[in-house]
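Participant: Okay, so here is final_38.cif, and as you'll see once you scroll down, it has mmCIF, C-alpha atoms.
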data_input
#
loop_
_atom_site.label_atom_id
_atom_site.label_comp_id
_atom_site.auth_asym_id
_atom_site.auth_seq_id
_atom_site.Cartn_x
_atom_site.Cartn_y
_atom_site.Cartn_z
CA MET A 1 6.11 -18.11 28.87
CA LYS A 2 4.77 -18.81 25.41
CA SER A 3 1.64 -20.90 25.01
CA ASN A 4 1.88 -24.03 22.87
CA ASN A 5 -1.66 -23.74 21.58
CA LYS A 6 -1.22 -22.49 18.02
CA LEU A 7 -4.76 -23.06 16.74
CA LYS A 8 -5.82 -19.49 17.40
CA ILE A 9 -8.63 -17.49 15.81
CA PHE A 10 -8.82 -13.77 15.10
CA ASN A 11 -12.09 -11.89 15.23
CA ASP A 12 -12.17 -9.66 12.16
CA PRO A 13 -14.85 -6.93 11.87
CA ILE A 14 -15.36 -7.77 8.19
CA TYR A 15 -15.18 -11.56 7.84
CA GLY A 16 -15.87 -12.68 11.40
CA PHE A 17 -13.56 -15.42 12.63
CA ILE A 18 -10.26 -15.99 10.80
CA THR A 19 -8.53 -19.26 11.63
CA ILE A 20 -4.78 -19.84 11.56
CA PRO A 21 -4.36 -22.98 9.45
CA ASN A 22 -1.15 -24.44 10.93
CA SER A 23 1.69 -23.90 13.38
CA LEU A 24 4.18 -22.59 10.77
CA ILE A 25 1.79 -19.75 9.87
CA PHE A 26 1.16 -19.14 13.57
CA ASP A 27 4.93 -18.80 14.13
CA LEU A 28 5.26 -16.41 11.17
CA ILE A 29 2.44 -14.22 12.55
CA GLN A 30 4.14 -14.27 15.97
CA HIS A 31 7.48 -13.21 14.49
CA LYS A 32 8.65 -9.67 15.35
CA TYR A 33 8.94 -8.82 11.61
CA PHE A 34 5.23 -9.53 11.16
CA GLN A 35 4.09 -8.05 14.48
CA ARG A 36 5.65 -4.76 13.33
CA LEU A 37 2.77 -4.47 10.81
CA ARG A 38 0.48 -3.64 13.76
CA ARG A 39 2.35 -0.32 13.86
CA ILE A 40 2.05 0.52 10.15
CA THR A 41 -1.25 2.09 9.04
CA GLN A 42 -2.75 0.57 5.93
CA MET A 43 -3.76 3.91 4.44
CA GLY A 44 -0.95 6.24 5.48
CA LEU A 45 -2.31 9.66 6.44
CA SER A 46 -5.82 9.09 5.06
CA TYR A 47 -7.15 9.28 8.63
CA LEU A 48 -6.71 13.05 8.30
CA VAL A 49 -9.63 12.84 5.86
CA TYR A 50 -11.50 9.73 7.08
CA PRO A 51 -11.14 9.55 10.88
CA GLY A 52 -11.90 5.81 10.95
CA ALA A 53 -9.03 4.86 8.63
CA HIS A 54 -6.67 3.76 11.39
CA HIS A 55 -6.54 0.08 10.42
CA THR A 56 -3.13 -1.52 9.94
CA ARG A 57 -1.19 -3.65 7.50
CA PHE A 58 -1.47 -6.46 10.09
CA HIS A 59 -5.26 -6.41 9.68
CA HIS A 60 -5.00 -6.45 5.90
CA ALA A 61 -2.46 -9.30 5.74
CA LEU A 62 -4.68 -11.56 7.86
CA GLY A 63 -7.74 -10.64 5.76
CA SER A 64 -5.90 -11.45 2.52
CA MET A 65 -4.83 -14.82 3.95
CA HIS A 66 -8.44 -15.56 4.93
CA LEU A 67 -9.64 -14.84 1.38
CA MET A 68 -6.84 -17.04 0.00
CA GLN A 69 -8.10 -19.93 2.18
CA LYS A 70 -11.56 -19.42 0.64
CA ALA A 71 -10.14 -19.26 -2.91
CA ILE A 72 -8.21 -22.52 -2.39
CA ASN A 73 -11.35 -24.30 -1.10
CA VAL A 74 -13.41 -23.02 -4.07
CA LEU A 75 -10.83 -24.14 -6.64
CA ARG A 76 -10.41 -27.56 -5.02
CA PHE A 77 -14.20 -27.97 -5.08
CA LYS A 78 -14.00 -27.32 -8.85
CA GLU A 79 -11.39 -30.10 -9.14
CA VAL A 80 -8.32 -27.88 -9.49
CA THR A 81 -5.47 -29.83 -7.89
CA ILE A 82 -3.66 -27.86 -5.17
CA SER A 83 -1.28 -29.87 -2.99
CA LYS A 84 -0.82 -29.27 0.75
CA ASP A 85 2.60 -27.70 0.06
CA GLU A 86 1.15 -25.40 -2.62
CA GLU A 87 -1.66 -24.37 -0.27
CA ASN A 88 0.91 -23.47 2.37
CA GLY A 89 3.00 -21.60 -0.20
CA LEU A 90 -0.02 -19.54 -1.30
CA LEU A 91 -1.05 -18.71 2.27
CA ILE A 92 2.48 -17.67 3.30
CA ALA A 93 3.04 -15.62 0.11
CA ILE A 94 -0.16 -13.62 0.61
CA LEU A 95 0.37 -13.29 4.37
CA LEU A 96 3.81 -11.76 3.84
CA HIS A 97 3.14 -9.84 0.60
CA ASP A 98 3.19 -6.44 2.39
CA ILE A 99 5.76 -7.15 5.11
CA GLY A 100 8.24 -4.75 3.45
CA HIS A 101 6.10 -1.63 3.86
CA GLY A 102 7.76 1.22 5.72
CA PRO A 103 6.16 3.82 8.00
CA PHE A 104 2.93 5.31 6.62
CA SER A 105 3.12 2.76 3.81
CA HIS A 106 4.23 4.64 0.68
CA ALA A 107 5.87 7.85 1.90
CA MET A 108 8.99 5.93 2.93
CA GLU A 109 9.73 4.70 -0.60
CA HIS A 110 10.33 8.21 -1.91
CA SER A 111 12.38 9.66 0.91
CA LEU A 112 14.29 7.34 3.23
CA VAL A 113 15.27 4.67 0.71
CA ASN A 114 15.99 5.07 -3.01
CA ASP A 115 15.46 2.68 -5.92
CA ILE A 116 14.05 -0.10 -3.73
CA SER A 117 10.32 -0.77 -3.58
CA HIS A 118 8.34 -2.26 -0.71
CA GLU A 119 7.92 -5.46 -2.80
CA GLU A 120 11.69 -5.87 -2.95
CA ILE A 121 11.98 -5.27 0.81
CA SER A 122 9.16 -7.82 1.37
CA LEU A 123 11.23 -10.32 -0.60
CA ARG A 124 14.30 -9.60 1.58
CA PHE A 125 12.21 -10.23 4.70
CA MET A 126 10.89 -13.49 3.24
CA GLU A 127 14.40 -14.68 2.37
CA GLU A 128 15.57 -13.86 5.91
CA LEU A 129 12.60 -15.73 7.42
CA ASN A 130 13.29 -18.64 5.07
CA LYS A 131 16.75 -19.05 6.65
CA GLU A 132 15.22 -18.89 10.11
CA PHE A 133 12.49 -21.42 9.27
CA ASN A 134 14.85 -23.90 7.57
CA GLY A 135 13.76 -23.35 3.97
CA SER A 136 10.03 -23.79 4.60
CA LEU A 137 9.24 -20.55 2.71
CA THR A 138 10.99 -21.58 -0.54
CA LEU A 139 7.78 -22.40 -2.41
CA ALA A 140 6.05 -19.26 -1.10
CA ILE A 141 8.96 -17.12 -2.38
CA SER A 142 8.77 -18.75 -5.81
CA ILE A 143 5.01 -17.94 -6.01
CA PHE A 144 5.55 -14.39 -4.68
CA LYS A 145 8.21 -13.71 -7.34
CA GLY A 146 5.88 -14.99 -10.08
CA GLU A 147 8.33 -17.76 -10.97
CA TYR A 148 6.26 -20.78 -9.95
CA PRO A 149 5.26 -22.77 -13.09
CA ARG A 150 1.56 -22.89 -12.15
CA LYS A 151 0.72 -19.36 -13.26
CA PHE A 152 -2.75 -19.11 -11.70
CA MET A 153 -1.14 -19.34 -8.25
CA CYS A 154 1.03 -16.32 -8.99
CA GLU A 155 -2.14 -14.52 -10.22
CA LEU A 156 -3.85 -15.16 -6.88
CA ILE A 157 -1.01 -13.18 -5.26
CA SER A 158 -0.56 -10.44 -7.86
CA SER A 159 -2.93 -9.65 -10.73
CA GLN A 160 -5.89 -7.46 -11.60
CA LEU A 161 -8.09 -9.63 -9.38
CA ASP A 162 -5.83 -10.92 -6.60
CA MET A 163 -6.55 -11.59 -2.94
CA ASP A 164 -4.67 -8.43 -1.94
CA ARG A 165 -7.11 -6.20 -3.86
CA ALA A 166 -10.11 -8.30 -2.86
CA ASP A 167 -9.28 -7.53 0.78
CA TYR A 168 -8.05 -3.94 0.72
CA LEU A 169 -10.98 -2.53 -1.29
CA LYS A 170 -13.50 -4.07 1.08
CA ARG A 171 -11.47 -3.25 4.21
CA ASP A 172 -10.63 0.35 3.23
CA SER A 173 -14.25 0.95 2.24
CA PHE A 174 -15.38 -0.35 5.65
CA TYR A 175 -12.96 1.75 7.71
CA THR A 176 -13.40 4.96 5.72
CA GLY A 177 -17.17 4.59 5.53
CA VAL A 178 -17.06 5.07 1.73
CA ALA A 179 -19.84 2.65 0.79
CA GLU A 180 -19.15 2.87 -2.98
CA GLY A 181 -15.99 0.81 -2.50
CA ASN A 182 -17.73 -2.11 -0.80
CA ILE A 183 -17.22 -5.12 -3.06
CA ASN A 184 -18.62 -8.62 -2.67
CA SER A 185 -15.30 -10.42 -2.36
CA GLU A 186 -17.00 -13.66 -1.27
CA ARG A 187 -19.03 -13.85 -4.47
CA LEU A 188 -16.03 -12.95 -6.64
CA ILE A 189 -14.01 -15.76 -5.07
CA THR A 190 -16.88 -18.24 -5.44
CA MET A 191 -16.89 -17.53 -9.20
CA LEU A 192 -13.15 -18.20 -9.69
CA ASN A 193 -11.92 -21.11 -11.79
CA VAL A 194 -8.76 -22.20 -13.62
CA VAL A 195 -8.51 -22.91 -17.35
CA GLU A 196 -5.19 -23.78 -18.99
CA ASP A 197 -3.33 -22.64 -15.90
CA GLN A 198 -4.98 -19.20 -15.95
CA LEU A 199 -7.28 -17.69 -13.39
CA VAL A 200 -10.74 -17.03 -14.88
CA VAL A 201 -14.09 -15.82 -13.57
CA GLU A 202 -17.18 -17.79 -14.57
CA GLU A 203 -19.75 -15.90 -16.63
CA LYS A 204 -22.19 -15.76 -13.69
CA GLY A 205 -19.68 -13.55 -11.89
CA ILE A 206 -19.49 -10.90 -14.63
CA TYR A 207 -21.53 -8.30 -12.70
CA SER A 208 -19.43 -8.81 -9.58
CA VAL A 209 -16.30 -8.08 -11.65
CA GLU A 210 -17.94 -4.96 -13.13
CA LYS A 211 -18.83 -3.80 -9.60
CA PHE A 212 -15.26 -4.54 -8.44
CA LEU A 213 -13.73 -2.37 -11.20
CA VAL A 214 -16.18 0.50 -10.67
CA ALA A 215 -15.57 0.31 -6.89
CA ARG A 216 -11.83 0.44 -7.52
CA ARG A 217 -12.25 3.61 -9.58
CA PHE A 218 -14.40 5.23 -6.87
CA MET A 219 -11.96 4.32 -4.13
CA TYR A 220 -9.03 5.82 -6.03
CA TRP A 221 -10.69 9.19 -6.67
CA GLN A 222 -12.57 9.40 -3.38
CA VAL A 223 -10.03 7.88 -1.00
CA TYR A 224 -6.54 6.95 -2.23
CA LEU A 225 -6.14 10.08 -4.37
CA HIS A 226 -8.26 12.35 -2.18
CA LYS A 227 -6.72 15.81 -2.38
CA THR A 228 -6.25 16.23 1.40
CA GLY A 229 -4.63 12.81 1.74
CA LEU A 230 -2.49 13.62 -1.28
CA VAL A 231 -1.18 16.90 0.15
CA ALA A 232 -0.54 15.25 3.56
CA GLU A 233 1.54 12.49 1.96
CA GLN A 234 3.48 15.07 -0.05
CA LEU A 235 4.21 16.98 3.17
CA LEU A 236 5.40 13.83 4.92
CA THR A 237 7.72 12.99 2.02
CA ARG A 238 9.11 16.52 2.19
CA ILE A 239 9.59 16.36 5.97
CA LEU A 240 11.75 13.25 5.58
CA LYS A 241 13.64 14.81 2.67
CA ARG A 242 14.35 17.99 4.66
CA ALA A 243 15.35 16.02 7.78
CA LYS A 244 17.77 13.99 5.67
CA GLU A 245 19.33 17.17 4.21
CA LEU A 246 19.79 18.69 7.68
CA VAL A 247 21.29 15.54 9.20
CA GLN A 248 23.72 15.24 6.31
CA GLU A 249 24.73 18.88 6.84
CA GLY A 250 25.61 17.98 10.43
CA VAL A 251 22.49 19.40 12.14
CA ARG A 252 21.47 17.31 15.16
CA LEU A 253 17.85 16.18 15.04
CA ASN A 254 16.21 14.34 17.90
CA CYS A 255 14.69 11.09 16.70
CA SER A 256 14.82 7.33 17.28
CA ASP A 257 18.00 5.42 16.37
CA PRO A 258 16.40 3.47 13.47
CA LEU A 259 15.10 6.71 11.92
CA PHE A 260 18.47 8.42 12.41
CA TYR A 261 20.15 5.49 10.64
CA PHE A 262 18.07 6.07 7.50
CA LEU A 263 18.38 9.87 7.67
CA SER A 264 22.17 9.71 7.91
CA SER A 265 22.79 7.07 5.20
CA GLU A 266 22.07 6.85 1.49
CA ILE A 267 20.22 3.55 1.28
CA ASN A 268 19.47 2.07 -2.14
CA PHE A 269 18.96 -1.36 -3.73
CA LYS A 270 22.69 -2.22 -3.58
CA SER A 271 23.38 -0.96 -0.05
CA PHE A 272 20.28 -2.61 1.45
CA LYS A 273 22.10 -5.43 3.29
CA SER A 274 20.83 -7.77 6.01
CA GLU A 275 21.92 -5.33 8.77
CA THR A 276 19.88 -2.63 6.98
CA LEU A 277 16.90 -4.99 7.07
CA ASP A 278 17.33 -5.40 10.84
CA VAL A 279 17.20 -1.62 11.35
CA PHE A 280 14.28 -1.28 8.89
CA ALA A 281 12.36 -3.86 10.95
CA LYS A 282 12.59 -1.52 13.97
CA LEU A 283 11.07 1.42 12.08
CA ASP A 284 7.34 2.14 12.10
CA ASP A 285 4.74 4.96 12.16
CA TYR A 286 5.50 5.76 15.80
CA ASP A 287 9.11 6.77 15.00
CA ILE A 288 7.85 9.27 12.43
CA VAL A 289 5.04 10.73 14.58
CA ALA A 290 7.36 11.11 17.59
CA ALA A 291 9.95 12.83 15.37
CA MET A 292 7.37 15.26 13.92
CA LYS A 293 6.11 16.14 17.41
CA GLU A 294 9.69 17.02 18.33
CA TRP A 295 10.65 18.74 15.06
CA GLN A 296 7.65 21.11 15.05
CA TYR A 297 9.73 23.22 17.49
CA HIS A 298 12.98 23.03 15.50
CA GLU A 299 14.70 26.27 14.46
CA ASP A 300 14.78 25.24 10.78
CA PHE A 301 11.97 27.18 9.05
CA VAL A 302 11.11 24.41 6.58
CA LEU A 303 11.16 21.45 8.96
CA ARG A 304 9.26 23.32 11.70
CA ASN A 305 6.45 24.49 9.44
CA LEU A 306 6.02 21.20 7.59
CA CYS A 307 5.76 19.26 10.86
CA GLU A 308 3.31 21.75 12.36
CA MET A 309 1.10 21.38 9.31
CA ILE A 310 0.69 17.62 9.75
CA ILE A 311 0.57 17.56 13.57
CA ASN A 312 -2.13 20.27 13.67
CA ARG A 313 -3.79 19.24 10.38
CA ASP A 314 -3.36 22.72 8.96
CA LEU A 315 -2.16 21.66 5.53
CA LEU A 316 -1.20 23.44 2.33
CA LYS A 317 -3.93 24.52 -0.06
CA ILE A 318 -4.28 22.15 -3.02
CA LYS A 319 -5.95 22.73 -6.38
CA ILE A 320 -6.63 19.90 -8.82
CA LYS A 321 -7.04 20.69 -12.52
CA LYS A 322 -7.55 18.82 -15.76
CA ASN A 323 -4.70 20.63 -17.53
CA PRO A 324 -1.02 20.92 -16.54
CA ILE A 325 -0.23 23.65 -14.00
CA LYS A 326 1.14 26.89 -15.44
CA THR A 327 4.70 27.69 -14.36
CA SER A 328 3.69 31.34 -13.91
CA ASP A 329 1.22 30.35 -11.15
CA LEU A 330 3.91 28.46 -9.27
CA ILE A 331 6.39 31.35 -9.62
CA ALA A 332 3.83 33.85 -8.31
CA HIS A 333 3.13 31.78 -5.15
CA SER A 334 6.83 31.05 -4.67
CA ASN A 335 7.83 34.73 -4.96
CA ALA A 336 5.13 35.83 -2.52
CA LEU A 337 6.35 33.28 0.03
CA MET A 338 10.04 34.23 -0.40
CA GLU A 339 9.20 37.88 0.10
CA LYS A 340 6.92 37.36 3.10
CA TYR A 341 9.29 35.16 5.11
CA ASN A 342 12.63 36.21 3.61
CA ILE A 343 13.49 32.63 2.57
CA SER A 344 15.38 31.19 -0.40
CA LYS A 345 13.86 29.63 -3.54
CA VAL A 346 15.07 26.19 -2.34
CA GLN A 347 13.13 26.65 0.91
CA ALA A 348 10.05 27.99 -0.85
CA ASP A 349 10.00 24.92 -3.13
CA TYR A 350 9.09 22.79 -0.11
CA PHE A 351 5.78 24.66 0.16
CA VAL A 352 4.99 25.49 -3.48
CA PHE A 353 5.01 22.59 -5.93
CA SER A 354 2.98 20.75 -8.54
CA GLY A 355 2.53 17.16 -9.66
CA GLU A 356 0.15 14.79 -11.37
CA ILE A 357 -2.02 11.84 -10.39
CA THR A 358 -3.24 9.03 -12.61
CA ASN A 359 -6.13 6.66 -12.01
CA ILE A 360 -6.54 3.52 -14.07
CA ALA A 361 -9.07 1.06 -12.68
CA TYR A 362 -8.27 -1.78 -15.10
CA GLN A 363 -4.81 -2.16 -16.63
CA ASN A 364 -5.71 -4.53 -19.44
CA LYS A 365 -2.51 -3.77 -21.34
CA LYS A 366 -0.49 -5.65 -18.68
CA GLN A 367 -2.88 -8.32 -17.40
CA HIS A 368 -6.43 -9.39 -18.11
CA ILE A 369 -9.45 -10.36 -16.10
CA ASN A 370 -10.67 -13.28 -18.16
CA ILE A 371 -14.30 -14.35 -18.21
CA LEU A 372 -15.12 -18.02 -18.86
CA LEU A 373 -18.28 -18.02 -20.98
CA LYS A 374 -20.83 -20.85 -20.81
CA SER A 375 -19.71 -21.88 -24.31
CA GLY A 376 -16.20 -22.56 -22.93
CA LYS A 377 -14.71 -19.50 -24.68
CA ILE A 378 -12.56 -17.07 -22.72
CA LYS A 379 -12.97 -13.31 -23.19
CA ASP A 380 -11.48 -10.25 -21.55
CA ILE A 381 -14.00 -8.54 -19.21
CA VAL A 382 -14.14 -5.43 -21.44
CA LYS A 383 -15.28 -7.55 -24.42
CA ALA A 384 -17.49 -9.87 -22.40
CA SER A 385 -19.34 -7.08 -20.58
CA ASP A 386 -22.27 -5.13 -21.97
CA GLN A 387 -21.39 -2.21 -19.73
CA LEU A 388 -19.88 0.42 -22.00
CA ASN A 389 -18.00 2.31 -19.30
CA LEU A 390 -15.63 -0.63 -18.68
CA LYS A 391 -13.73 0.42 -21.79
CA ALA A 392 -13.34 3.87 -20.25
CA LEU A 393 -12.09 2.30 -16.99
CA SER A 394 -9.15 0.77 -18.85
CA LYS A 395 -7.93 4.19 -20.02
CA PRO A 396 -5.71 6.20 -17.66
CA VAL A 397 -7.18 9.48 -16.38
CA THR A 398 -4.56 12.07 -15.40
CA LYS A 399 -5.17 15.15 -13.27
CA TYR A 400 -2.71 17.84 -12.23
CA TYR A 401 -2.32 19.43 -8.84
CA MET A 402 -0.66 22.47 -7.33
CA CYS A 403 0.08 22.99 -3.63
CA TYR A 404 0.84 26.32 -1.96
CA PRO A 405 0.45 27.86 1.53
CA LYS A 406 -2.74 29.45 2.76
CA LYS A 407 -2.58 33.17 3.47
CA LYS A 408 -1.26 32.68 6.98
CA MET A 409 1.41 30.04 7.55
#
Just give me the structure as C-alpha cells.
Facilitator:
Amino acid sequence: MKSNNKLKIFNDPIYGFITIPNSLIFDLIQHKYFQRLRRITQMGLSYLVYPGAHHTRFHHALGSMHLMQKAINVLRFKEVTISKDEENGLLIAILLHDIGHGPFSHAMEHSLVNDISHEEISLRFMEELNKEFNGSLTLAISIFKGEYPRKFMCELISSQLDMDRADYLKRDSFYTGVAEGNINSERLITMLNVVEDQLVVEEKGIYSVEKFLVARRFMYWQVYLHKTGLVAEQLLTRILKRAKELVQEGVRLNCSDPLFYFLSSEINFKSFKSETLDVFAKLDDYDIVAAMKEWQYHEDFVLRNLCEMIINRDLLKIKIKKNPIKTSDLIAHSNALMEKYNISKVQADYFVFSGEITNIAYQNKKQHINILLKSGKIKDIVKASDQLNLKALSKPVTKYYMCYPKKKM
C-alpha cells in the first residue's frame, strides 16, 4: 500500500533537510524512471581512485532541486517575478536534467548507443512522463530545451553557473574528500540577480565566482580527468565495444536482457523509439558489473582480460604528456603484446591506445558569467576580476595520454 503523505523530507549530508515542494514532484521522484537513478553512480568508476565516490545521480538530482528552490526564493526576494507555474517548471527541469544517464554515467554514450547524448535521452524521458502526467511537464520541457522566452530561467538549468554545477562540484568534492573543489554554493546563489532577462552575479559575489572557477579547474584535473579514472572509463568503453562485436558475431554472452538488447542492436538517434526507452530504463550499473563478473572467465582473450582489469583494479599503465603521443611508441607496445600473447593487431589495439583530454574551466566563448557592478554596468567575470589567472582559466588546456599493459597481464 502506498502512503498518501507526500510532504516528505530527505536528509542530505551536504545541505541537511531537503523538502519536496508538492505532490507532482513527489510522484515524479517516486516514478520508476527516477528511482533508477539510485543505481547509477554520479562519478562512474572514480571510486577506483576515491573510495568514497559512490554517490548516485539520485542524490545529485535532489541536491540540484534544493539549490533551485533557494535560487527562486533569492530572486523573488529581489523582486524578480516568478509565477507558481514557472517555479514548478524550473524545479521539474532541474530534477530531471540527468534522468537520461546510462550505466556509469558517460561510458554508455560511446559504446551502447551512437549519436544520441544523455541530454537527448533525458528529453525523451521527460516527454514520456509528460504524457503520463497529462501535460504537466510542458513548461519544464520548454525551459530544459532552452526555448522558454525568459532566458534567465534556461540559464539556471544550463549555463556556466547553473544549479547542476553548483551541486555537483560541492557534492563530488565532499564524497571524494578533495577539499579544493568545495565551493560556497549558498553564497553564490544569494548573490544572483536578473538584469534584462539575464542571470547576473552581484559585485559582492565576485570572489565566490573566482573560487567557483578555480575549484572547477582543480576538480577536473584532480578528479574528473584523474589518470586512473580515465583509464578505467576507457577500459569500460572497450569492454562494451568488444561485447557488442562478439554478440553480433553470434557469440553467446551471459548478461541481463536489457544489456543484451543494446549489445545486439545498433541504437542511434533515429532508432531510439519509445520501446527502446523502456528497455533503457531497465539498464543500470548493476547490469554492467554483473556482466563483467561473468565475462572475466570468458574464453575471448580481449573481453576476459579487460573485465579482469576492472574487477580486480589491475588497470593498464597510463602516461600523460604535454605533447602528442609518438606513433612509434604505440607500435612498440603493440608489437610486444602481439608477440607475447600471439594475438592480432585488432586485439592488441584494445590494450594499447592513445587519446587526449581537454580542461577548460570557463567557456566564455559560448556563455558568460556576468557581474553586475555597483554602477549598474555589466561585465564578464574575466574583465571584472582583478585575478589575472581567470583569463588563463578560459583557455583550453590539452594533454595527451597513452595506455598500455604492465609487464604482466
Participant: Distance atom CA of Ile369 of chain A-atom CA of Asn88 of chain A, one decimal place?
Facilitator: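 We find that atom CA of Ile369 of chain A and atom CA of Asn88 of chain A lie 24.9 Å from each other.
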Participant: With only C-alpha atoms as the basis for distance, which of A:Phe133, A:Arg36, A:Phe152, A:Asp172 is at the shortest distance from Ile82 of chain A?
Facilitator: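 Selected residue with least distance to Ile82 of chain A: A:Phe152.
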Participant: Which residue out of A:Glu203, A:Glu180, A:Glu294, A:Glu308 has the minimum interatomic distance to Asn254 of chain A when only C-alpha atoms are used?
Facilitator: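 Closest to Asn254 of chain A of all the choices is A:Glu294.
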Participant: Which residues fall under the PyMOL selection byres ((chain A and resi 272-279) around 8) in this file, as a list of chain:residue names?
Facilitator: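 Applied to this file, the PyMOL selection byres ((chain A and resi 272-279) around 8) returns A:Ile121, A:Arg124, A:Phe125, A:Pro258, A:Tyr261, A:Ile267, A:Asn268, A:Phe269, A:Lys270, A:Ser271, A:Phe280, A:Ala281, A:Lys282, A:Leu283.
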Participant: Near Leu137 of chain A, counting all atoms listed in the file, which residues have an atom at most 12 Å away, once you skip same-chain residues fewer than 4 positions from it, shown as a list in words?
Facilitator: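 The filter keeps Leu24, Ile25, Leu28, Asp85, Glu86, Glu87, Asn88, Gly89, Leu90, Leu91, Ile92, Ala93, Ile94, Leu95, Leu96, Leu123, Phe125, Met126, Glu127, Glu128, Leu129, Asn130, Lys131, Glu132, Phe133, Ile141, Ser142, Ile143 and Phe144 of chain A.
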